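Shown here: coords.pdb, PDB, C-alpha atoms, pLDDT in the B column.
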```pdb
ATOM      1  CA  MET W  53     111.808 -95.289 -67.870  1.00 85.00           C
ATOM      2  CA  GLU W  54     109.284 -97.419 -69.711  1.00 92.00           C
ATOM      3  CA  LEU W  55     109.780-100.935 -68.341  1.00 92.00           C
ATOM      4  CA  SER W  56     107.425-102.545 -70.838  1.00 93.00           C
ATOM      5  CA  LYS W  57     109.769-101.556 -73.680  1.00 94.00           C
ATOM      6  CA  LEU W  58     112.851-103.188 -72.121  1.00 94.00           C
ATOM      7  CA  GLU W  59     113.956-106.635 -73.187  1.00 96.00           C
ATOM      8  CA  PHE W  60     113.892-109.462 -70.662  1.00 97.00           C
ATOM      9  CA  THR W  61     117.692-109.537 -70.235  1.00 96.00           C
ATOM     10  CA  ALA W  62     117.731-105.792 -69.678  1.00 96.00           C
ATOM     11  CA  LEU W  63     115.057-106.151 -66.987  1.00 96.00           C
ATOM     12  CA  ILE W  64     117.091-108.850 -65.231  1.00 96.00           C
ATOM     13  CA  ALA W  65     120.178-106.622 -65.317  1.00 96.00           C
ATOM     14  CA  LEU W  66     118.127-103.708 -64.014  1.00 97.00           C
ATOM     15  CA  GLN W  67     116.807-105.876 -61.192  1.00 97.00           C
ATOM     16  CA  ALA W  68     120.356-106.798 -60.147  1.00 97.00           C
ATOM     17  CA  ASP W  69     121.418-103.146 -60.280  1.00 97.00           C
ATOM     18  CA  VAL W  70     118.456-102.105 -58.124  1.00 97.00           C
ATOM     19  CA  ALA W  71     119.181-104.815 -55.532  1.00 97.00           C
ATOM     20  CA  SER W  72     122.820-103.742 -55.385  1.00 97.00           C
ATOM     21  CA  GLU W  73     121.899-100.076 -54.962  1.00 98.00           C
ATOM     22  CA  ILE W  74     119.407-100.923 -52.212  1.00 97.00           C
ATOM     23  CA  LYS W  75     122.110-102.791 -50.264  1.00 97.00           C
ATOM     24  CA  ARG W  76     124.561 -99.916 -50.691  1.00 97.00           C
ATOM     25  CA  ARG W  77     122.047 -97.351 -49.508  1.00 98.00           C
ATOM     26  CA  GLU W  78     120.963 -99.505 -46.573  1.00 97.00           C
ATOM     27  CA  VAL W  79     124.542 -99.539 -45.277  1.00 97.00           C
ATOM     28  CA  GLU W  80     124.793 -95.790 -45.834  1.00 97.00           C
ATOM     29  CA  GLU W  81     121.496 -95.011 -44.090  1.00 98.00           C
ATOM     30  CA  LYS W  82     122.306 -97.205 -41.101  1.00 96.00           C
ATOM     31  CA  SER W  83     125.658 -95.479 -40.741  1.00 96.00           C
ATOM     32  CA  LYS W  84     123.967 -92.060 -40.784  1.00 97.00           C
ATOM     33  CA  ALA W  85     121.393 -93.192 -38.217  1.00 95.00           C
ATOM     34  CA  LYS W  86     124.100 -94.552 -35.933  1.00 91.00           C
ATOM     35  CA  LYS W  87     125.976 -91.236 -36.058  1.00 93.00           C
ATOM     36  CA  GLN W  88     122.780 -89.300 -35.315  1.00 94.00           C
ATOM     37  CA  ILE W  89     121.975 -91.521 -32.338  1.00 91.00           C
ATOM     38  CA  ILE W  90     125.468 -91.104 -30.907  1.00 90.00           C
ATOM     39  CA  GLU W  91     125.365 -87.322 -31.413  1.00 92.00           C
ATOM     40  CA  LEU W  92     121.958 -87.075 -29.754  1.00 92.00           C
ATOM     41  CA  ALA W  93     123.075 -89.185 -26.800  1.00 90.00           C
ATOM     42  CA  ARG W  94     126.197 -87.048 -26.341  1.00 90.00           C
ATOM     43  CA  ALA W  95     124.134 -83.857 -26.548  1.00 94.00           C
ATOM     44  CA  TYR W  96     122.220 -85.075 -23.494  1.00 92.00           C
ATOM     45  CA  GLY W  97     125.334 -86.237 -21.682  1.00 91.00           C
ATOM     46  CA  LEU W  98     124.669 -89.914 -22.205  1.00 88.00           C
ATOM     47  CA  ARG W  99     126.936 -92.699 -23.306  1.00 84.00           C
ATOM     48  CA  VAL W 100     125.607 -95.241 -25.778  1.00 80.00           C
ATOM     49  CA  GLU W 101     125.871 -97.842 -23.004  1.00 79.00           C
ATOM     50  CA  ASP W 102     123.540 -95.677 -20.892  1.00 77.00           C
ATOM     51  CA  VAL W 103     120.991 -95.619 -23.678  1.00 79.00           C
ATOM     52  CA  LEU W 104     121.154 -99.365 -24.258  1.00 79.00           C
ATOM     53  CA  ASN W 105     121.211-100.144 -20.521  1.00 71.00           C
ATOM     54  CA  LYS W 106     121.677-103.862 -20.945  1.00 64.00           C
ATOM     55  CA  GLU W 107     121.262-104.525 -17.225  1.00 61.00           C
ATOM     56  CA  ALA W 108     117.689-103.238 -17.192  1.00 55.00           C
ATOM     57  CA  ALA W 109     116.845-105.338 -20.227  1.00 55.00           C
ATOM     58  CA  ALA W 110     117.944-108.553 -18.519  1.00 62.00           C
ATOM     59  CA  ARG W 111     115.032-110.442 -17.066  1.00 69.00           C
ATOM     60  CA  LYS W 112     115.103-111.242 -13.395  1.00 78.00           C
ATOM     61  CA  PRO W 113     114.212-114.783 -12.410  1.00 84.00           C
ATOM     62  CA  VAL W 114     110.619-115.327 -11.368  1.00 88.00           C
ATOM     63  CA  GLU W 115     109.895-116.917  -8.034  1.00 94.00           C
ATOM     64  CA  ALA W 116     108.774-120.546  -8.162  1.00 95.00           C
ATOM     65  CA  LYS W 117     105.092-121.245  -7.482  1.00 96.00           C
ATOM     66  CA  TYR W 118     104.986-125.032  -7.833  1.00 97.00           C
ATOM     67  CA  ARG W 119     107.204-127.846  -6.514  1.00 96.00           C
ATOM     68  CA  ASN W 120     107.643-131.362  -7.867  1.00 96.00           C
ATOM     69  CA  PRO W 121     106.246-133.770  -5.250  1.00 93.00           C
ATOM     70  CA  ASP W 122     108.807-136.447  -6.199  1.00 93.00           C
ATOM     71  CA  ASP W 123     111.860-134.156  -6.122  1.00 94.00           C
ATOM     72  CA  SER W 124     111.586-130.974  -4.048  1.00 92.00           C
ATOM     73  CA  ARG W 125     114.586-129.444  -5.858  1.00 94.00           C
ATOM     74  CA  ILE W 126     112.541-129.183  -9.071  1.00 96.00           C
ATOM     75  CA  THR W 127     110.207-126.208  -9.253  1.00 96.00           C
ATOM     76  CA  TRP W 128     108.182-124.262 -11.823  1.00 96.00           C
ATOM     77  CA  SER W 129     107.244-120.579 -11.891  1.00 95.00           C
ATOM     78  CA  GLY W 130     103.908-121.183 -13.586  1.00 94.00           C
ATOM     79  CA  ARG W 131     105.061-119.339 -16.700  1.00 92.00           C
ATOM     80  CA  GLY W 132     105.621-120.830 -20.092  1.00 92.00           C
ATOM     81  CA  ARG W 133     105.043-124.400 -21.116  1.00 94.00           C
ATOM     82  CA  LYS W 134     104.132-126.844 -18.349  1.00 95.00           C
ATOM     83  CA  PRO W 135     106.971-129.186 -17.402  1.00 96.00           C
ATOM     84  CA  THR W 136     106.319-132.879 -18.025  1.00 96.00           C
ATOM     85  CA  TRP W 137     105.981-133.594 -14.305  1.00 95.00           C
ATOM     86  CA  VAL W 138     103.234-130.939 -14.004  1.00 96.00           C
ATOM     87  CA  GLN W 139     101.403-132.260 -17.061  1.00 96.00           C
ATOM     88  CA  ALA W 140     101.642-135.827 -15.727  1.00 95.00           C
ATOM     89  CA  TRP W 141     100.215-134.616 -12.401  1.00 95.00           C
ATOM     90  CA  LEU W 142      97.295-132.943 -14.150  1.00 96.00           C
ATOM     91  CA  ASP W 143      96.733-135.931 -16.446  1.00 96.00           C
ATOM     92  CA  GLY W 144      96.455-138.034 -13.302  1.00 94.00           C
ATOM     93  CA  GLY W 145      93.359-136.025 -12.357  1.00 95.00           C
ATOM     94  CA  LYS W 146      95.066-133.998  -9.629  1.00 95.00           C
ATOM     95  CA  ALA W 147      94.762-130.220  -9.170  1.00 96.00           C
ATOM     96  CA  LEU W 148      97.588-127.796  -9.907  1.00 95.00           C
ATOM     97  CA  GLU W 149      96.950-126.083  -6.573  1.00 95.00           C
ATOM     98  CA  GLU W 150      98.193-129.203  -4.793  1.00 95.00           C
ATOM     99  CA  LEU W 151     101.683-128.469  -6.121  1.00 95.00           C
ATOM    100  CA  SER W 152     101.700-124.877  -4.802  1.00 95.00           C
ATOM    101  CA  ILE W 153     104.635-123.858  -2.669  1.00 93.00           C
TER     102      ILE W 153
END
```
Just dump the structure as structure tokens.
Amino acid sequence: MELSKLEFTALIALQADVASEIKRREVEEKSKAKKQIIELARAYGLRVEDVLNKEAAARKPVEAKYRNPDDSRITWSGRGRKPTWVQAWLDGGKALEELSI
């Protein structure tokens, strides 16, 4: 197919047809892949739930390393963004180690 010889409207129509065919094939390919995965799991005596193992994927809570000096119920694990109370403590010129549990 020589695209340079097609008129603009024909190219637009072709583009729509291609997008539609891509969507159709994507659904088809995903369906085939899903069937193959299920067949492979069954061949090894596994259920799909065993393969996904959602329990293992769940993150376990991390133990707290720092405690708020003003409210001992508030803690921080040291991971992620610093809570405002930690940042205020540090901005006050105090060391993070002083908040250690």
Worksheet item: Once the PyMOL selection byres ((chain W and resi 115-132) around 10) has been applied to the shown file, what residues remain in the selection, as a ChimeraX atom specification?
Response: /W:112-114,133-135,137-138,141,148-153
Worksheet item: What does the distance between atom CA of Lys87 of chain W and atom CA of Val103 of chain W come to in Å, to one decimal place?
Response: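 Separation of atom CA of Lys87 of chain W and atom CA of Val103 of chain W: 14.0 Å.
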Worksheet item: Quick one: distance from atom CA of Glu73 of chain W to atom CA of Met53 of chain W in Å, one decimal?
Response: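 Going from atom CA of Glu73 of chain W over to atom CA of Met53 of chain W, I get 17.1 Å.
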Discussion item. Between atom CA of Ala85 of chain W and atom CA of Val100 of chain W, what distance in Å does the model show, to one decimal?
Written reply: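 Interatomic distance, atom CA of Ala85 of chain W to atom CA of Val100 of chain W: 13.3 Å.
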